[in-house]
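Participant: Structure provided below as structure tokens; questions to follow.
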Amino acid sequence: MTSDRRTDALQDTARTTDTADSLQATTDTLQDTANALQGTTHTAHTTDALQDTANTADTTQGTQPNQAHTAEPHTRLPLDDREREAVRQLSQHNPYQRMSRIAILRSLPSDKQWEYFRQNLLAPIAAIIAGVLIAILLIIHLLTPTPTPKLYVAVLNGALGSQDGSALQAATAKALNLPDGRAGGVSIDTYFNLDADGLTKLQTMLRAGDIDVIIAKPKDFQRVAGYGYCKPLNRVLSKTRQRQLAAAYVSANGFDDGHDDDMEYNGSGKGASQPFGLSMTDFRNWQSQHGATRDAVIAFAQDSRNTDTAVKFIDYLRGAKV
């Protein structure tokens, strides 16, 4: 029995010695890894992981000999000076912990600065630059808005084809000595479909005062005049022009706004009948457009800011001197 106990004790001591050697090798490896990672911004996380491993090793060091303690208490092996020094160095605080990113970048060796900048500063700086550029562009746009058209013509429900509209726009701009296009010039918009979203577009632009002239087929003219979208001719044309154009007058029932206090009352087409438009049957430059509706009606839009230019446009369409 005594011989068996001695044999067991020797085996436990051998296992303990093997564990101590393994822990010594682990500690040496941890020390080498910590030295290789020293000087980068990721030291704190790596050091914490290594510290946890060292603590685990220390715990194992304290636990493993306890298994042999039942046989021989004096076989427990404490950490030597070298192991304690390794653990102490691994436990040191991250030297970059309270430093800003710029300060860390400046303190790093030159061969590590670009990698740190790319990983930690490049994306935020790029986002800041993009935001500043967008803000500058918005400020420039607000301070230098695009000039509004001097004449905006809304053509309803295909009263003029898109290609003919472009040709008429260019010819009108030349005749009125204005730019061809919306930027401070002449714009003839043929994309108003009242059966789709064209009515909403028309209402929105009329409310903003962006439309000067409306061109429509006779039936569509009666409809928009009944909505109150057209201005009576006697409020725009001079006495001389009224006499000249009397034969082309087209009357319609306007909008009755005498019941504004009644939310359920619809005054469309219930107003007084008066001349709101001009038939372009005899307008020479209108009839020269191949895709033009021959009996189309032209009217002045409510809240137009360019009635003088609109009158010149009508003079051009009928072939009179502008």
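Chain labels A, B, ... are given in the sequence in which chains occur in the structure tokens; within each chain residues are numbered consecutively from 1, and ligands are likewise numbered from 1 in the order shown.
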So which residues touch Ala272 in chain A within 10 Å, counting only C-alpha atoms, skipping near sequence neighbours fewer than 4 positions away, as a ChimeraX atom specification?
Facilitator: /A:226,251-256
Participant: Write the residues of the selection above to a file with N, CA, C and O atoms, as a compact mmCIF listing (two decimals), in the first residue's frame.
Facilitator:
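Printed below is selection.txt as written:
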# COMPACT_ATOMS: atom_id res chain seq x y z
N GLY A 226 -65.19 77.36 -67.05
CA GLY A 226 -66.18 77.16 -65.99
C GLY A 226 -65.54 76.98 -64.63
O GLY A 226 -66.16 77.29 -63.59
N SER A 251 -67.33 82.93 -75.95
CA SER A 251 -67.89 83.14 -74.61
C SER A 251 -68.07 81.80 -73.90
O SER A 251 -68.20 80.74 -74.53
N ALA A 252 -68.11 81.87 -72.58
CA ALA A 252 -68.32 80.67 -71.75
C ALA A 252 -68.88 81.10 -70.41
O ALA A 252 -68.74 82.27 -70.00
N ASN A 253 -69.57 80.18 -69.77
CA ASN A 253 -70.05 80.44 -68.41
C ASN A 253 -68.89 80.28 -67.44
O ASN A 253 -68.26 79.23 -67.39
N GLY A 254 -68.63 81.33 -66.68
CA GLY A 254 -67.51 81.29 -65.75
C GLY A 254 -67.87 80.62 -64.44
O GLY A 254 -68.86 79.88 -64.33
N PHE A 255 -67.09 80.88 -63.42
CA PHE A 255 -67.28 80.28 -62.11
C PHE A 255 -68.08 81.23 -61.23
O PHE A 255 -67.80 82.43 -61.17
N ASP A 256 -69.08 80.68 -60.55
CA ASP A 256 -69.90 81.46 -59.63
C ASP A 256 -69.30 81.36 -58.23
O ASP A 256 -69.36 80.31 -57.60
Participant: Any chance you could list, as a ChimeraX atom specification, the residues in range 156-255 of chain A that come up helix (DSSP H, G or I) when DSSP is run on the backbone?
Facilitator: /A:162-176,198-207,218-226,233-235,239-248
Participant: Create the file for the chosen residues now, containing C-alpha atoms and written as a compact mmCIF listing (two decimals), in the first residue's frame.
Facilitator:
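The result, written out as again_35.txt:
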# COMPACT_ATOMS: atom_id res chain seq x y z
CA SER A 162 -45.28 67.89 -79.01
CA GLN A 163 -43.09 68.33 -82.11
CA ASP A 164 -45.22 71.22 -83.36
CA GLY A 165 -45.08 72.65 -79.86
CA SER A 166 -41.28 72.68 -79.95
CA ALA A 167 -41.29 74.32 -83.39
CA LEU A 168 -43.82 76.95 -82.31
CA GLN A 169 -41.80 77.63 -79.16
CA ALA A 170 -38.63 78.30 -81.15
CA ALA A 171 -40.47 80.50 -83.67
CA THR A 172 -42.20 82.49 -80.93
CA ALA A 173 -38.97 83.01 -79.01
CA LYS A 174 -37.35 84.39 -82.15
CA ALA A 175 -40.31 86.65 -82.93
CA LEU A 176 -40.50 88.03 -79.37
CA GLY A 198 -52.85 67.11 -66.13
CA LEU A 199 -55.69 68.83 -64.27
CA THR A 200 -53.79 68.67 -60.98
CA LYS A 201 -50.68 70.00 -62.70
CA LEU A 202 -52.72 72.81 -64.26
CA GLN A 203 -54.36 73.78 -60.97
CA THR A 204 -51.04 73.79 -59.11
CA MET A 205 -49.29 75.96 -61.69
CA LEU A 206 -52.23 78.36 -62.01
CA ARG A 207 -52.32 78.80 -58.26
CA PRO A 218 -63.51 74.14 -77.65
CA LYS A 219 -64.98 71.58 -75.25
CA ASP A 220 -61.97 71.67 -72.93
CA PHE A 221 -61.98 75.47 -73.05
CA GLN A 222 -65.59 75.54 -71.80
CA ARG A 223 -64.59 73.25 -68.97
CA VAL A 224 -61.58 75.23 -67.69
CA ALA A 225 -63.39 78.55 -68.17
CA GLY A 226 -66.18 77.16 -65.99
CA LEU A 233 -60.75 89.43 -72.29
CA ASN A 234 -61.92 92.92 -71.36
CA ARG A 235 -59.58 92.83 -68.36
CA LYS A 239 -60.14 98.86 -76.53
CA THR A 240 -58.37 98.85 -79.89
CA ARG A 241 -57.55 95.14 -79.73
CA GLN A 242 -61.03 94.29 -78.50
CA ARG A 243 -62.44 95.86 -81.67
CA GLN A 244 -59.86 94.07 -83.82
CA LEU A 245 -60.56 90.66 -82.28
CA ALA A 246 -64.32 90.92 -81.67
CA ALA A 247 -65.07 88.42 -84.45
CA ALA A 248 -62.90 85.77 -82.74
Participant: Find the spatial neighbours of Gly277 in chain A, counting only C-alpha atoms, within a cut-off of 7 Å - ignore same-chain residues fewer than 3 positions away - and output them as number ranges by chain.
Facilitator: A: 233, 249-251, 297-299
Participant: Mind writing the picked residues with all heavy atoms as a PDB file, in the first residue's frame?
Facilitator:
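Result saved to selection20.pdb:
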ATOM      1  N   LEU A 233     -61.573  88.710 -71.328  1.00  0.00           N
ATOM      2  CA  LEU A 233     -60.747  89.433 -72.289  1.00  0.00           C
ATOM      3  C   LEU A 233     -60.753  90.938 -72.040  1.00  0.00           C
ATOM      4  O   LEU A 233     -59.744  91.618 -72.276  1.00  0.00           O
ATOM      5  CB  LEU A 233     -61.242  89.146 -73.710  1.00  0.00           C
ATOM      6  CG  LEU A 233     -61.116  87.684 -74.181  1.00  0.00           C
ATOM      7  CD1 LEU A 233     -61.660  87.529 -75.600  1.00  0.00           C
ATOM      8  CD2 LEU A 233     -59.674  87.210 -74.106  1.00  0.00           C
ATOM      9  N   TYR A 249     -64.133  86.282 -80.702  1.00  0.00           N
ATOM     10  CA  TYR A 249     -64.512  86.061 -79.296  1.00  0.00           C
ATOM     11  C   TYR A 249     -65.243  84.728 -79.120  1.00  0.00           C
ATOM     12  O   TYR A 249     -66.091  84.343 -79.936  1.00  0.00           O
ATOM     13  CB  TYR A 249     -65.424  87.184 -78.814  1.00  0.00           C
ATOM     14  CG  TYR A 249     -64.691  88.420 -78.306  1.00  0.00           C
ATOM     15  CD1 TYR A 249     -63.369  88.673 -78.638  1.00  0.00           C
ATOM     16  CD2 TYR A 249     -65.354  89.346 -77.503  1.00  0.00           C
ATOM     17  CE1 TYR A 249     -62.713  89.802 -78.189  1.00  0.00           C
ATOM     18  CE2 TYR A 249     -64.700  90.481 -77.036  1.00  0.00           C
ATOM     19  CZ  TYR A 249     -63.380  90.709 -77.387  1.00  0.00           C
ATOM     20  OH  TYR A 249     -62.731  91.824 -76.935  1.00  0.00           O
ATOM     21  N   VAL A 250     -64.912  84.049 -78.024  1.00  0.00           N
ATOM     22  CA  VAL A 250     -65.612  82.821 -77.627  1.00  0.00           C
ATOM     23  C   VAL A 250     -66.049  83.005 -76.176  1.00  0.00           C
ATOM     24  O   VAL A 250     -65.215  83.230 -75.288  1.00  0.00           O
ATOM     25  CB  VAL A 250     -64.707  81.580 -77.746  1.00  0.00           C
ATOM     26  CG1 VAL A 250     -65.468  80.330 -77.298  1.00  0.00           C
ATOM     27  CG2 VAL A 250     -64.200  81.411 -79.159  1.00  0.00           C
ATOM     28  N   SER A 251     -67.334  82.932 -75.953  1.00  0.00           N
ATOM     29  CA  SER A 251     -67.888  83.138 -74.611  1.00  0.00           C
ATOM     30  C   SER A 251     -68.070  81.805 -73.899  1.00  0.00           C
ATOM     31  O   SER A 251     -68.200  80.741 -74.527  1.00  0.00           O
ATOM     32  CB  SER A 251     -69.224  83.886 -74.686  1.00  0.00           C
ATOM     33  OG  SER A 251     -69.046  85.175 -75.229  1.00  0.00           O
ATOM     34  N   VAL A 297     -58.988  77.169 -79.044  1.00  0.00           N
ATOM     35  CA  VAL A 297     -59.275  78.451 -78.396  1.00  0.00           C
ATOM     36  C   VAL A 297     -58.101  78.812 -77.504  1.00  0.00           C
ATOM     37  O   VAL A 297     -57.546  77.956 -76.802  1.00  0.00           O
ATOM     38  CB  VAL A 297     -60.574  78.374 -77.565  1.00  0.00           C
ATOM     39  CG1 VAL A 297     -60.863  79.707 -76.876  1.00  0.00           C
ATOM     40  CG2 VAL A 297     -61.752  77.984 -78.461  1.00  0.00           C
ATOM     41  N   ILE A 298     -57.729  80.101 -77.517  1.00  0.00           N
ATOM     42  CA  ILE A 298     -56.649  80.590 -76.661  1.00  0.00           C
ATOM     43  C   ILE A 298     -57.234  81.557 -75.639  1.00  0.00           C
ATOM     44  O   ILE A 298     -58.143  82.348 -75.958  1.00  0.00           O
ATOM     45  CB  ILE A 298     -55.545  81.270 -77.502  1.00  0.00           C
ATOM     46  CG1 ILE A 298     -54.348  81.626 -76.621  1.00  0.00           C
ATOM     47  CG2 ILE A 298     -56.068  82.487 -78.252  1.00  0.00           C
ATOM     48  CD1 ILE A 298     -53.121  82.051 -77.406  1.00  0.00           C
ATOM     49  N   ALA A 299     -56.742  81.474 -74.391  1.00  0.00           N
ATOM     50  CA  ALA A 299     -57.269  82.311 -73.312  1.00  0.00           C
ATOM     51  C   ALA A 299     -56.127  82.748 -72.397  1.00  0.00           C
ATOM     52  O   ALA A 299     -55.079  82.095 -72.339  1.00  0.00           O
ATOM     53  CB  ALA A 299     -58.326  81.554 -72.519  1.00  0.00           C
TER      54      ALA A 299
END
Participant: Just give me the gap between CA of Ala183 in chain A and CA of Gln287 in chain A in Å, one decimal is fine.
Facilitator: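 These two atoms are separated by 27.3 Å.
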Participant: Any idea what the distance is between CA of Ser100 in chain A and CA of Gln119 in chain A?
Facilitator: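 Here the two named atoms are 14.6 Å from each other.
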Participant: To test your reading of the structure, identify every residue in range 248-304 of chain A that backbone DSSP assigns to strand (DSSP E), and report it as a VMD selection string.
Facilitator: chain A and resid 249 to 253 273 to 279 297 to 301
Participant: May I have the selected residues written with all heavy atoms, as a tab-separated table (two decimals), in the first residue's frame?
Facilitator:
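Saved result, part08.tsv, follows:
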chain	number	residue	atom	x	y	z
A	249	TYR	N	-64.13	86.28	-80.70
A	249	TYR	CA	-64.51	86.06	-79.30
A	249	TYR	C	-65.24	84.73	-79.12
A	249	TYR	O	-66.09	84.34	-79.94
A	249	TYR	CB	-65.42	87.18	-78.81
A	249	TYR	CG	-64.69	88.42	-78.31
A	249	TYR	CD1	-63.37	88.67	-78.64
A	249	TYR	CD2	-65.35	89.35	-77.50
A	249	TYR	CE1	-62.71	89.80	-78.19
A	249	TYR	CE2	-64.70	90.48	-77.04
A	249	TYR	CZ	-63.38	90.71	-77.39
A	249	TYR	OH	-62.73	91.82	-76.93
A	250	VAL	N	-64.91	84.05	-78.02
A	250	VAL	CA	-65.61	82.82	-77.63
A	250	VAL	C	-66.05	83.01	-76.18
A	250	VAL	O	-65.21	83.23	-75.29
A	250	VAL	CB	-64.71	81.58	-77.75
A	250	VAL	CG1	-65.47	80.33	-77.30
A	250	VAL	CG2	-64.20	81.41	-79.16
A	251	SER	N	-67.33	82.93	-75.95
A	251	SER	CA	-67.89	83.14	-74.61
A	251	SER	C	-68.07	81.80	-73.90
A	251	SER	O	-68.20	80.74	-74.53
A	251	SER	CB	-69.22	83.89	-74.69
A	251	SER	OG	-69.05	85.17	-75.23
A	252	ALA	N	-68.11	81.87	-72.58
A	252	ALA	CA	-68.32	80.67	-71.75
A	252	ALA	C	-68.88	81.10	-70.41
A	252	ALA	O	-68.74	82.27	-70.00
A	252	ALA	CB	-67.01	79.91	-71.56
A	253	ASN	N	-69.57	80.18	-69.77
A	253	ASN	CA	-70.05	80.44	-68.41
A	253	ASN	C	-68.89	80.28	-67.44
A	253	ASN	O	-68.26	79.23	-67.39
A	253	ASN	CB	-71.17	79.47	-68.05
A	253	ASN	CG	-72.43	79.71	-68.86
A	253	ASN	OD1	-72.77	80.85	-69.17
A	253	ASN	ND2	-73.12	78.64	-69.24
A	273	SER	N	-72.00	84.42	-68.40
A	273	SER	CA	-71.38	84.12	-69.68
A	273	SER	C	-70.73	85.40	-70.21
A	273	SER	O	-71.38	86.44	-70.33
A	273	SER	CB	-72.44	83.61	-70.67
A	273	SER	OG	-71.87	83.40	-71.94
A	274	GLN	N	-69.47	85.28	-70.55
A	274	GLN	CA	-68.74	86.42	-71.10
A	274	GLN	C	-67.56	85.91	-71.92
A	274	GLN	O	-67.16	84.75	-71.79
A	274	GLN	CB	-68.26	87.37	-69.99
A	274	GLN	CG	-67.47	86.69	-68.90
A	274	GLN	CD	-67.09	87.66	-67.79
A	274	GLN	OE1	-66.73	88.81	-68.04
A	274	GLN	NE2	-67.21	87.21	-66.54
A	275	PRO	N	-66.96	86.78	-72.76
A	275	PRO	CA	-65.84	86.33	-73.60
A	275	PRO	C	-64.60	86.04	-72.74
A	275	PRO	O	-64.07	86.94	-72.09
A	275	PRO	CB	-65.59	87.53	-74.53
A	275	PRO	CG	-66.85	88.31	-74.50
A	275	PRO	CD	-67.40	88.14	-73.12
A	276	PHE	N	-64.19	84.78	-72.76
A	276	PHE	CA	-62.98	84.36	-72.05
A	276	PHE	C	-61.86	83.94	-73.01
A	276	PHE	O	-60.71	83.87	-72.59
A	276	PHE	CB	-63.28	83.18	-71.12
A	276	PHE	CG	-64.00	83.55	-69.86
A	276	PHE	CD1	-65.35	83.29	-69.73
A	276	PHE	CD2	-63.34	84.16	-68.80
A	276	PHE	CE1	-66.02	83.60	-68.56
A	276	PHE	CE2	-64.00	84.48	-67.63
A	276	PHE	CZ	-65.35	84.22	-67.50
A	277	GLY	N	-62.22	83.65	-74.28
A	277	GLY	CA	-61.23	83.13	-75.19
A	277	GLY	C	-61.37	83.67	-76.59
A	277	GLY	O	-62.32	84.39	-76.92
A	278	LEU	N	-60.38	83.31	-77.42
A	278	LEU	CA	-60.35	83.71	-78.83
A	278	LEU	C	-60.19	82.46	-79.70
A	278	LEU	O	-59.30	81.64	-79.44
A	278	LEU	CB	-59.18	84.66	-79.08
A	278	LEU	CG	-59.21	86.01	-78.38
A	278	LEU	CD1	-57.84	86.68	-78.47
A	278	LEU	CD2	-60.30	86.90	-78.96
A	279	SER	N	-61.05	82.32	-80.68
A	279	SER	CA	-60.92	81.21	-81.63
A	279	SER	C	-59.75	81.51	-82.56
A	279	SER	O	-59.61	82.62	-83.09
A	279	SER	CB	-62.20	81.04	-82.44
A	279	SER	OG	-62.01	80.05	-83.44
A	297	VAL	N	-58.99	77.17	-79.04
A	297	VAL	CA	-59.27	78.45	-78.40
A	297	VAL	C	-58.10	78.81	-77.50
A	297	VAL	O	-57.55	77.96	-76.80
A	297	VAL	CB	-60.57	78.37	-77.57
A	297	VAL	CG1	-60.86	79.71	-76.88
A	297	VAL	CG2	-61.75	77.98	-78.46
A	298	ILE	N	-57.73	80.10	-77.52
A	298	ILE	CA	-56.65	80.59	-76.66
A	298	ILE	C	-57.23	81.56	-75.64
A	298	ILE	O	-58.14	82.35	-75.96
A	298	ILE	CB	-55.55	81.27	-77.50
A	298	ILE	CG1	-54.35	81.63	-76.62
A	298	ILE	CG2	-56.07	82.49	-78.25
A	298	ILE	CD1	-53.12	82.05	-77.41
A	299	ALA	N	-56.74	81.47	-74.39
A	299	ALA	CA	-57.27	82.31	-73.31
A	299	ALA	C	-56.13	82.75	-72.40
A	299	ALA	O	-55.08	82.09	-72.34
A	299	ALA	CB	-58.33	81.55	-72.52
A	300	PHE	N	-56.37	83.85	-71.69
A	300	PHE	CA	-55.40	84.34	-70.71
A	300	PHE	C	-55.66	83.66	-69.37
A	300	PHE	O	-56.81	83.60	-68.91
A	300	PHE	CB	-55.52	85.86	-70.55
A	300	PHE	CG	-55.21	86.63	-71.80
A	300	PHE	CD1	-56.24	87.07	-72.63
A	300	PHE	CD2	-53.90	86.91	-72.16
A	300	PHE	CE1	-55.97	87.78	-73.79
A	300	PHE	CE2	-53.62	87.62	-73.32
A	300	PHE	CZ	-54.65	88.04	-74.14
A	301	ALA	N	-54.61	83.16	-68.76
A	301	ALA	CA	-54.75	82.44	-67.49
A	301	ALA	C	-54.92	83.42	-66.33
A	301	ALA	O	-54.36	84.52	-66.33
A	301	ALA	CB	-53.53	81.57	-67.24
Participant: From the list A:Asp197, A:Asp180, A:Asp81, A:Asp315, which residue is nearest Asn157 in chain A when using only C-alpha atoms?
Facilitator: A:Asp197
Participant: With distances taken over only C-alpha atoms, which of A:Lys270, A:Arg88, A:Tyr229, A:Ala216 is nearest to Val155 in chain A?
Facilitator: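 Between A:Lys270, A:Arg88, A:Tyr229, A:Ala216, the residue approaching Val155 in chain A most closely is A:Ala216.
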Participant: What separation in Å, quoted to one decimal, exists between CA of Cys230 in chain A and CA of Gln302 in chain A?
Facilitator: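 Between CA of Cys230 in chain A and CA of Gln302 in chain A the gap works out to 5.3 Å.
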